[in-house]
Structures are given as C-alpha cells and as structure tokens.
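Undergrad: Hey, dropping target-v5.txt in here, compact mmCIF, N, CA, C and O atoms:
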```
# COMPACT_ATOMS: atom_id res chain seq x y z
N VAL A 28 0.85 -1.17 0.00
CA VAL A 28 0.00 0.00 0.00
C VAL A 28 0.89 1.23 0.00
O VAL A 28 1.71 1.40 0.90
N GLU A 29 0.73 2.07 -1.03
CA GLU A 29 1.54 3.28 -1.11
C GLU A 29 1.07 4.34 -0.12
O GLU A 29 1.87 5.03 0.47
N TRP A 30 -0.23 4.51 0.04
CA TRP A 30 -0.75 5.49 0.96
C TRP A 30 -2.19 5.15 1.31
O TRP A 30 -2.84 4.39 0.61
N THR A 31 -2.67 5.69 2.39
CA THR A 31 -4.06 5.48 2.80
C THR A 31 -4.70 6.84 3.03
O THR A 31 -4.03 7.84 3.28
N MET A 32 -6.02 6.86 2.92
CA MET A 32 -6.78 8.08 3.15
C MET A 32 -7.96 7.74 4.05
O MET A 32 -8.51 6.64 3.97
N THR A 33 -8.36 8.67 4.88
CA THR A 33 -9.55 8.48 5.70
C THR A 33 -10.51 9.62 5.41
O THR A 33 -10.10 10.72 5.03
N GLY A 34 -11.79 9.34 5.57
CA GLY A 34 -12.80 10.37 5.41
C GLY A 34 -13.01 10.85 3.99
O GLY A 34 -13.47 11.97 3.78
N THR A 35 -12.69 10.04 3.00
CA THR A 35 -12.87 10.47 1.62
C THR A 35 -14.34 10.47 1.24
O THR A 35 -15.18 9.87 1.90
N CYS A 36 -14.66 11.14 0.14
CA CYS A 36 -16.04 11.19 -0.35
C CYS A 36 -16.20 10.30 -1.57
O CYS A 36 -17.25 10.27 -2.19
N SER A 37 -15.15 9.61 -1.95
CA SER A 37 -15.23 8.76 -3.14
C SER A 37 -15.32 7.30 -2.72
O SER A 37 -15.48 6.99 -1.56
N SER A 38 -15.26 6.45 -3.65
CA SER A 38 -15.34 4.99 -3.55
C SER A 38 -16.66 4.57 -4.17
O SER A 38 -16.85 4.76 -5.34
N MET A 39 -17.57 4.09 -3.41
CA MET A 39 -18.87 3.69 -3.94
C MET A 39 -19.90 4.72 -3.47
O MET A 39 -20.13 4.88 -2.28
N VAL A 40 -20.48 5.42 -4.41
CA VAL A 40 -21.44 6.47 -4.08
C VAL A 40 -22.84 5.97 -4.42
O VAL A 40 -23.08 5.45 -5.51
N VAL A 41 -23.75 6.12 -3.48
CA VAL A 41 -25.15 5.73 -3.68
C VAL A 41 -26.01 6.96 -3.48
O VAL A 41 -25.87 7.67 -2.49
N ALA A 42 -26.86 7.23 -4.45
CA ALA A 42 -27.79 8.36 -4.36
C ALA A 42 -29.17 7.86 -4.76
O ALA A 42 -29.29 6.96 -5.59
N SER A 43 -30.19 8.45 -4.21
CA SER A 43 -31.55 8.07 -4.59
C SER A 43 -31.80 8.46 -6.05
O SER A 43 -31.15 9.37 -6.58
N GLY A 44 -32.75 7.79 -6.67
CA GLY A 44 -33.10 8.11 -8.05
C GLY A 44 -33.50 9.57 -8.24
O GLY A 44 -32.99 10.25 -9.13
N PRO A 45 -34.39 10.08 -7.38
CA PRO A 45 -34.78 11.49 -7.53
C PRO A 45 -33.60 12.46 -7.37
O PRO A 45 -33.49 13.43 -8.10
N LEU A 46 -32.70 12.16 -6.42
CA LEU A 46 -31.53 13.03 -6.23
C LEU A 46 -30.62 12.97 -7.45
O LEU A 46 -30.14 14.00 -7.93
N TRP A 47 -30.39 11.77 -7.98
CA TRP A 47 -29.53 11.61 -9.16
C TRP A 47 -30.12 12.36 -10.36
O TRP A 47 -29.42 13.02 -11.10
N ARG A 48 -31.44 12.27 -10.52
CA ARG A 48 -32.09 12.98 -11.62
C ARG A 48 -32.04 14.49 -11.42
O ARG A 48 -31.89 15.25 -12.38
N THR A 49 -32.15 14.95 -10.17
CA THR A 49 -32.02 16.38 -9.89
C THR A 49 -30.65 16.88 -10.32
O THR A 49 -30.52 17.94 -10.95
N LEU A 50 -29.62 16.10 -10.00
CA LEU A 50 -28.26 16.48 -10.39
C LEU A 50 -28.08 16.36 -11.90
O LEU A 50 -27.41 17.18 -12.52
N GLY A 51 -28.68 15.34 -12.50
CA GLY A 51 -28.50 15.12 -13.93
C GLY A 51 -27.35 14.19 -14.23
O GLY A 51 -26.87 14.13 -15.36
N GLY A 52 -26.88 13.46 -13.23
CA GLY A 52 -25.78 12.51 -13.43
C GLY A 52 -24.43 13.14 -13.15
O GLY A 52 -24.32 14.31 -12.79
N ALA A 53 -23.39 12.33 -13.30
CA ALA A 53 -22.02 12.78 -13.04
C ALA A 53 -21.55 13.69 -14.17
O ALA A 53 -21.99 13.58 -15.31
N ASP A 54 -20.65 14.58 -13.84
CA ASP A 54 -20.07 15.51 -14.81
C ASP A 54 -19.08 14.75 -15.70
O ASP A 54 -18.06 14.26 -15.22
N GLU A 55 -19.38 14.66 -16.97
CA GLU A 55 -18.54 13.93 -17.92
C GLU A 55 -17.36 14.77 -18.43
O GLU A 55 -16.57 14.29 -19.24
N GLY A 56 -17.22 15.99 -17.94
CA GLY A 56 -16.17 16.87 -18.42
C GLY A 56 -14.83 16.69 -17.72
O GLY A 56 -13.84 17.28 -18.14
N PHE A 57 -14.79 15.88 -16.66
CA PHE A 57 -13.53 15.65 -15.98
C PHE A 57 -12.68 14.68 -16.79
O PHE A 57 -13.20 13.75 -17.40
N ILE A 58 -11.37 14.90 -16.77
CA ILE A 58 -10.43 14.02 -17.44
C ILE A 58 -9.51 13.44 -16.37
O ILE A 58 -8.91 14.19 -15.60
N GLY A 59 -9.39 12.12 -16.30
CA GLY A 59 -8.57 11.50 -15.27
C GLY A 59 -9.22 11.62 -13.92
O GLY A 59 -10.39 11.97 -13.79
N TRP A 60 -8.46 11.33 -12.89
CA TRP A 60 -9.00 11.46 -11.55
C TRP A 60 -8.31 12.61 -10.83
O TRP A 60 -7.20 12.97 -11.13
N GLY A 61 -9.00 13.15 -9.87
CA GLY A 61 -8.46 14.25 -9.09
C GLY A 61 -9.46 15.38 -9.04
O GLY A 61 -9.41 16.31 -9.82
N GLY A 62 -10.42 15.26 -8.17
CA GLY A 62 -11.41 16.31 -8.00
C GLY A 62 -12.80 15.92 -8.43
O GLY A 62 -13.77 16.48 -7.95
N GLU A 63 -12.93 14.95 -9.34
CA GLU A 63 -14.27 14.61 -9.84
C GLU A 63 -15.14 14.01 -8.75
O GLU A 63 -16.35 14.27 -8.70
N ASP A 64 -14.55 13.24 -7.84
CA ASP A 64 -15.34 12.67 -6.75
C ASP A 64 -15.77 13.75 -5.77
O ASP A 64 -16.89 13.72 -5.24
N ILE A 65 -14.89 14.70 -5.51
CA ILE A 65 -15.25 15.81 -4.62
C ILE A 65 -16.34 16.66 -5.25
O ILE A 65 -17.31 17.05 -4.59
N ALA A 66 -16.23 16.93 -6.55
CA ALA A 66 -17.25 17.71 -7.25
C ALA A 66 -18.61 17.00 -7.17
O ALA A 66 -19.62 17.62 -6.87
N LEU A 67 -18.61 15.69 -7.42
CA LEU A 67 -19.86 14.92 -7.33
C LEU A 67 -20.42 14.97 -5.92
O LEU A 67 -21.62 15.19 -5.72
N SER A 68 -19.57 14.79 -4.93
CA SER A 68 -20.01 14.83 -3.54
C SER A 68 -20.61 16.19 -3.20
O SER A 68 -21.68 16.26 -2.58
N LEU A 69 -19.95 17.26 -3.58
CA LEU A 69 -20.45 18.60 -3.28
C LEU A 69 -21.79 18.85 -3.95
O LEU A 69 -22.70 19.43 -3.35
N ALA A 70 -21.93 18.43 -5.19
CA ALA A 70 -23.20 18.62 -5.90
C ALA A 70 -24.32 17.81 -5.25
O ALA A 70 -25.41 18.33 -5.02
N LEU A 71 -24.05 16.55 -4.96
CA LEU A 71 -25.07 15.71 -4.32
C LEU A 71 -25.44 16.24 -2.93
O LEU A 71 -26.62 16.24 -2.56
N GLN A 72 -24.45 16.69 -2.17
CA GLN A 72 -24.75 17.24 -0.86
C GLN A 72 -25.55 18.54 -0.96
O GLN A 72 -26.44 18.80 -0.15
N THR A 73 -25.24 19.35 -1.97
CA THR A 73 -25.97 20.60 -2.15
C THR A 73 -27.43 20.34 -2.44
O THR A 73 -28.32 20.99 -1.87
N PHE A 74 -27.72 19.38 -3.30
CA PHE A 74 -29.11 19.09 -3.66
C PHE A 74 -29.78 18.12 -2.69
O PHE A 74 -31.00 18.10 -2.60
N GLY A 75 -28.99 17.32 -1.98
CA GLY A 75 -29.57 16.29 -1.11
C GLY A 75 -29.48 16.56 0.37
O GLY A 75 -30.09 15.84 1.16
N GLY A 76 -28.70 17.54 0.77
CA GLY A 76 -28.68 17.91 2.17
C GLY A 76 -27.67 17.20 3.05
O GLY A 76 -27.73 17.33 4.26
N GLY A 77 -26.74 16.46 2.51
CA GLY A 77 -25.73 15.84 3.36
C GLY A 77 -25.17 14.57 2.77
O GLY A 77 -25.48 14.21 1.63
N MET A 78 -24.36 13.90 3.58
CA MET A 78 -23.72 12.67 3.14
C MET A 78 -23.54 11.77 4.35
O MET A 78 -23.25 12.25 5.45
N LYS A 79 -23.71 10.49 4.16
CA LYS A 79 -23.45 9.52 5.21
C LYS A 79 -22.34 8.60 4.72
O LYS A 79 -22.44 8.05 3.63
N ARG A 80 -21.31 8.47 5.50
CA ARG A 80 -20.19 7.59 5.16
C ARG A 80 -20.30 6.32 5.96
O ARG A 80 -20.45 6.36 7.17
N ILE A 81 -20.23 5.20 5.28
CA ILE A 81 -20.25 3.90 5.93
C ILE A 81 -18.81 3.43 6.07
O ILE A 81 -18.08 3.38 5.09
N PRO A 82 -18.38 3.11 7.28
CA PRO A 82 -16.97 2.74 7.47
C PRO A 82 -16.60 1.44 6.77
O PRO A 82 -17.44 0.55 6.58
N GLY A 83 -15.35 1.36 6.39
CA GLY A 83 -14.83 0.15 5.77
C GLY A 83 -13.70 0.48 4.82
O GLY A 83 -13.49 1.63 4.46
N GLU A 84 -12.98 -0.55 4.43
CA GLU A 84 -11.86 -0.37 3.50
C GLU A 84 -12.35 -0.36 2.06
O GLU A 84 -13.27 -1.09 1.71
N VAL A 85 -11.71 0.46 1.26
CA VAL A 85 -11.95 0.51 -0.16
C VAL A 85 -10.59 0.52 -0.84
O VAL A 85 -9.68 1.22 -0.40
N TRP A 86 -10.44 -0.25 -1.88
CA TRP A 86 -9.18 -0.31 -2.61
C TRP A 86 -9.29 0.54 -3.87
O TRP A 86 -10.27 0.47 -4.60
N HIS A 87 -8.26 1.30 -4.11
CA HIS A 87 -8.21 2.17 -5.29
C HIS A 87 -7.51 1.44 -6.43
O HIS A 87 -6.41 0.92 -6.25
N LEU A 88 -8.13 1.42 -7.58
CA LEU A 88 -7.51 0.88 -8.78
C LEU A 88 -6.93 2.05 -9.55
O LEU A 88 -7.64 2.99 -9.92
N TRP A 89 -5.62 2.02 -9.78
CA TRP A 89 -4.95 3.15 -10.40
C TRP A 89 -5.54 3.47 -11.77
O TRP A 89 -5.86 2.57 -12.55
N HIS A 90 -5.67 4.74 -12.04
CA HIS A 90 -6.03 5.25 -13.36
C HIS A 90 -5.39 6.63 -13.48
O HIS A 90 -5.02 7.24 -12.49
N PRO A 91 -5.22 7.12 -14.70
CA PRO A 91 -4.46 8.36 -14.90
C PRO A 91 -5.05 9.53 -14.12
O PRO A 91 -6.27 9.71 -14.11
N PRO A 92 -4.19 10.33 -13.50
CA PRO A 92 -4.69 11.51 -12.80
C PRO A 92 -5.08 12.62 -13.77
O PRO A 92 -4.71 12.61 -14.93
N ALA A 93 -5.83 13.57 -13.24
CA ALA A 93 -6.22 14.73 -14.05
C ALA A 93 -4.99 15.58 -14.35
O ALA A 93 -4.11 15.71 -13.52
N PRO A 94 -4.94 16.14 -15.55
CA PRO A 94 -3.82 17.02 -15.88
C PRO A 94 -3.94 18.34 -15.14
O PRO A 94 -4.99 18.96 -15.14
N HIS A 95 -2.89 18.73 -14.45
CA HIS A 95 -2.81 20.05 -13.84
C HIS A 95 -1.36 20.34 -13.51
O HIS A 95 -0.53 19.45 -13.49
N THR A 96 -1.09 21.61 -13.27
CA THR A 96 0.30 21.99 -12.98
C THR A 96 0.59 21.74 -11.51
O THR A 96 -0.31 21.53 -10.70
N ASN A 97 1.84 21.80 -11.14
CA ASN A 97 2.23 21.62 -9.74
C ASN A 97 1.69 22.73 -8.85
O ASN A 97 1.62 22.57 -7.64
N ASP A 98 1.32 23.87 -9.44
CA ASP A 98 0.77 24.97 -8.66
C ASP A 98 -0.69 24.74 -8.29
O ASP A 98 -1.19 25.36 -7.36
N ASP A 99 -1.38 23.88 -9.04
CA ASP A 99 -2.79 23.61 -8.77
C ASP A 99 -2.92 22.58 -7.66
O ASP A 99 -2.27 21.55 -7.68
N VAL A 100 -3.78 22.87 -6.70
CA VAL A 100 -4.12 21.85 -5.70
C VAL A 100 -5.14 20.91 -6.32
O VAL A 100 -5.07 19.71 -6.18
N TRP A 101 -6.11 21.47 -7.00
CA TRP A 101 -7.15 20.69 -7.69
C TRP A 101 -7.33 21.26 -9.07
O TRP A 101 -7.11 22.45 -9.29
N PRO A 102 -7.80 20.46 -10.00
CA PRO A 102 -8.10 20.99 -11.33
C PRO A 102 -9.16 22.10 -11.23
O PRO A 102 -10.01 22.11 -10.35
N ASP A 103 -9.09 23.05 -12.15
CA ASP A 103 -9.99 24.20 -12.13
C ASP A 103 -11.46 23.81 -12.09
O ASP A 103 -12.26 24.47 -11.44
N ARG A 104 -11.82 22.74 -12.79
CA ARG A 104 -13.23 22.34 -12.86
C ARG A 104 -13.78 22.01 -11.47
O ARG A 104 -14.91 22.36 -11.14
N MET A 105 -12.98 21.35 -10.64
CA MET A 105 -13.43 21.01 -9.30
C MET A 105 -13.62 22.27 -8.46
O MET A 105 -14.53 22.36 -7.66
N GLU A 106 -12.76 23.26 -8.68
CA GLU A 106 -12.87 24.51 -7.94
C GLU A 106 -14.22 25.20 -8.20
O GLU A 106 -14.76 25.85 -7.31
N LEU A 107 -14.76 25.05 -9.41
CA LEU A 107 -16.07 25.62 -9.71
C LEU A 107 -17.13 25.02 -8.80
O LEU A 107 -18.03 25.72 -8.32
N TYR A 108 -17.04 23.71 -8.57
CA TYR A 108 -17.99 23.05 -7.67
C TYR A 108 -17.81 23.51 -6.24
O TYR A 108 -18.78 23.71 -5.51
N ALA A 109 -16.57 23.69 -5.82
CA ALA A 109 -16.30 24.17 -4.46
C ALA A 109 -16.90 25.55 -4.26
O ALA A 109 -17.47 25.85 -3.20
N ASP A 110 -16.81 26.40 -5.27
CA ASP A 110 -17.38 27.75 -5.18
C ASP A 110 -18.90 27.75 -5.10
O ASP A 110 -19.49 28.64 -4.48
N ALA A 111 -19.55 26.76 -5.71
CA ALA A 111 -21.02 26.69 -5.72
C ALA A 111 -21.59 25.81 -4.61
O ALA A 111 -22.80 25.73 -4.45
N ALA A 112 -20.73 25.17 -3.84
CA ALA A 112 -21.17 24.21 -2.83
C ALA A 112 -22.18 24.80 -1.85
O ALA A 112 -22.01 25.93 -1.39
N TYR A 113 -23.22 24.02 -1.60
CA TYR A 113 -24.26 24.33 -0.60
C TYR A 113 -25.12 25.53 -0.97
O TYR A 113 -25.84 26.05 -0.12
N ASN A 114 -25.05 25.96 -2.22
CA ASN A 114 -25.90 27.02 -2.74
C ASN A 114 -26.63 26.40 -3.93
O ASN A 114 -26.07 26.30 -5.02
N ALA A 115 -27.87 25.96 -3.71
CA ALA A 115 -28.60 25.19 -4.73
C ALA A 115 -28.75 25.96 -6.04
O ALA A 115 -28.63 25.38 -7.12
N GLU A 116 -29.00 27.26 -5.96
CA GLU A 116 -29.18 28.04 -7.19
C GLU A 116 -27.87 28.11 -7.98
O GLU A 116 -27.84 27.89 -9.19
N ALA A 117 -26.77 28.39 -7.29
CA ALA A 117 -25.47 28.46 -7.96
C ALA A 117 -25.06 27.10 -8.51
O ALA A 117 -24.52 27.01 -9.63
N MET A 118 -25.33 26.03 -7.77
CA MET A 118 -24.97 24.69 -8.23
C MET A 118 -25.80 24.30 -9.45
O MET A 118 -25.28 23.72 -10.40
N ARG A 119 -27.10 24.65 -9.45
CA ARG A 119 -27.95 24.33 -10.59
C ARG A 119 -27.42 25.02 -11.84
O ARG A 119 -27.34 24.42 -12.91
N GLU A 120 -27.08 26.30 -11.73
CA GLU A 120 -26.54 27.04 -12.87
C GLU A 120 -25.23 26.40 -13.35
O GLU A 120 -25.02 26.27 -14.55
N LEU A 121 -24.37 26.02 -12.41
CA LEU A 121 -23.09 25.42 -12.77
C LEU A 121 -23.26 24.10 -13.49
O LEU A 121 -22.70 23.91 -14.58
N VAL A 122 -24.02 23.17 -12.92
CA VAL A 122 -24.12 21.85 -13.56
C VAL A 122 -24.83 21.95 -14.91
O VAL A 122 -24.46 21.24 -15.85
N ASP A 123 -25.80 22.84 -15.02
CA ASP A 123 -26.46 23.02 -16.32
C ASP A 123 -25.50 23.58 -17.36
O ASP A 123 -25.47 23.13 -18.50
N ARG A 124 -24.69 24.56 -16.97
CA ARG A 124 -23.72 25.16 -17.89
C ARG A 124 -22.65 24.17 -18.30
O ARG A 124 -22.34 24.02 -19.50
N LEU A 125 -22.10 23.43 -17.34
CA LEU A 125 -21.05 22.46 -17.67
C LEU A 125 -21.58 21.31 -18.51
O LEU A 125 -20.90 20.85 -19.43
N ARG A 126 -22.79 20.87 -18.24
CA ARG A 126 -23.39 19.80 -19.04
C ARG A 126 -23.59 20.26 -20.48
O ARG A 126 -23.31 19.53 -21.43
N ALA A 127 -24.04 21.50 -20.65
CA ALA A 127 -24.24 22.04 -21.99
C ALA A 127 -22.92 22.13 -22.75
O ALA A 127 -22.86 21.83 -23.94
N GLU A 128 -21.84 22.51 -22.05
CA GLU A 128 -20.52 22.59 -22.69
C GLU A 128 -20.03 21.22 -23.13
O GLU A 128 -19.47 21.08 -24.21
N VAL A 129 -20.23 20.21 -22.28
CA VAL A 129 -19.77 18.85 -22.60
C VAL A 129 -20.54 18.29 -23.79
O VAL A 129 -19.97 17.61 -24.64
N HIS A 130 -21.82 18.59 -23.87
CA HIS A 130 -22.66 18.02 -24.91
C HIS A 130 -22.81 18.92 -26.12
O HIS A 130 -23.61 18.62 -27.01
N ALA A 131 -22.05 20.01 -26.17
CA ALA A 131 -22.13 20.93 -27.32
C ALA A 131 -21.39 20.37 -28.53
O ALA A 131 -20.53 19.60 -28.50
```
Transcribe the structure of this file into structure tokens.

TA:
Amino acid sequence: VEWTMTGTCSSMVVASGPLWRTLGGADEGFIGWGGEDIALSLALQTFGGGMKRIPGEVWHLWHPPAPHTNDDVWPDRMELYADAAYNAEAMRELVDRLRAEVHA
C-alpha cells in the first residue's frame, strides 16, 4: 500500500433516483481522476442535504490523474464546484452550464 486516506467522499457512491435525476448525473467533463469525486459529492450534498459515510476499507484501482500543474491543488473544474457548494441556485446554474458545454 503506497498510501491510505480516511474520510474520503469517493469509492462507492449511492444516491436516490430522484436526487440523481435532480443532479442530472455525473459531470462527464472531468479528465482522469483528481477532484471529480469531490465535485460529485459537493453537488449531491448541495441538492440532497448531506452525506453519510459507511466505514470500511476501499481499494483504489490506479487510473491516470487529471492534468494540472504543480501549482494547482485541484483541477480548475473542481474549484467551480467548491465555489457553488451548498448554494442550490449556484450549483444548478453550474451543472447546467457544464453539461451544456460537454454536450455541445
């Protein structure tokens, strides 16, 4: 094991059907990993009112990380979600705009 993390928001995410439809699904605009799970968590929490974490081990299967410079803590796209977190109107505008860009 190279490293361990506690309290993450990723791994296996379960959302109710109505909540998933409210969000409109996961953001397909992320490339690689690094921020997409946090963005999904923030959006689901904004529309659903919270998150419950069930304890247990989860194994990460390596896949390419998101491209960003060493100066970035997170990719810019994730930062947009952080800025809109817990503000349903701002999050709705953000996910609608990003979805339109991905599907344009």

Undergrad: Anything within 6 Å of (-23.5, 16.5, -10.2): list those residues as a ChimeraX atom specification, counting all atoms listed in the file and sticking to the file's coordinates.

TA: /A:50-54,66-67,70-71

Undergrad: Have a look at atom CA of Pro82 of chain A and atom N of Val40 of chain A and let me know their distance in Å, one decimal.

TA: 12.7 Å

Undergrad: Can you pull out every residue within 8 Å of segment 108-117 of chain A, counting all atoms listed in the file, but drop anything in the same chain fewer than 4 positions away, and send it as a list of chain:residue names?

TA: A:Gly62, A:Ile65, A:Ala66, A:Leu67, A:Ser68, A:Leu69, A:Ala70, A:Gln72, A:Thr73, A:Phe74, A:Pro102, A:Asp103, A:Arg104, A:Leu121, A:Val122, A:Asp123, A:Arg124

Undergrad: Please report the interatomic distance between atom CA of Gly83 of chain A and atom CA of Arg48 of chain A in Å with one decimal.

TA: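 Atom-to-atom, atom CA of Gly83 of chain A to atom CA of Arg48 of chain A, that is 27.7 Å.
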
Undergrad: Considering only N, CA, C and O atoms, state which residue in the set A:Gly59, A:Asp64, A:Leu107, A:Met118 is at the smallest distance from Pro91 of chain A.

TA: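 Checking each of A:Gly59, A:Asp64, A:Leu107, A:Met118 against Pro91 of chain A, counting only N, CA, C and O atoms, the winner is A:Gly59.
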
Undergrad: Among chain A, which ones does DSSP place in helix (DSSP H, G or I), written as a ChimeraX atom specification?

TA: /A:44-50,63-75,103-111,115-129

Undergrad: One decimal, in Å: what's the spacing between atom CA of Gly76 of chain A and atom CA of Thr33 of chain A?

TA: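 Value for the atom CA of Gly76 of chain A-atom CA of Thr33 of chain A distance: 21.6 Å.
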
Undergrad: When you count all atoms listed in the file, which of these residues is closest to Lys79 of chain A: A:Glu63, A:Thr35, A:Phe57, A:Ser43?

TA: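 Under the stated criterion, the closest residue is A:Thr35.
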
Undergrad: So, with only C-alpha atoms as the atoms that count, which of A:Gly75, A:Thr31, A:Gly61, A:Leu125 lies closest to Gly44 of chain A?

TA: A:Gly75
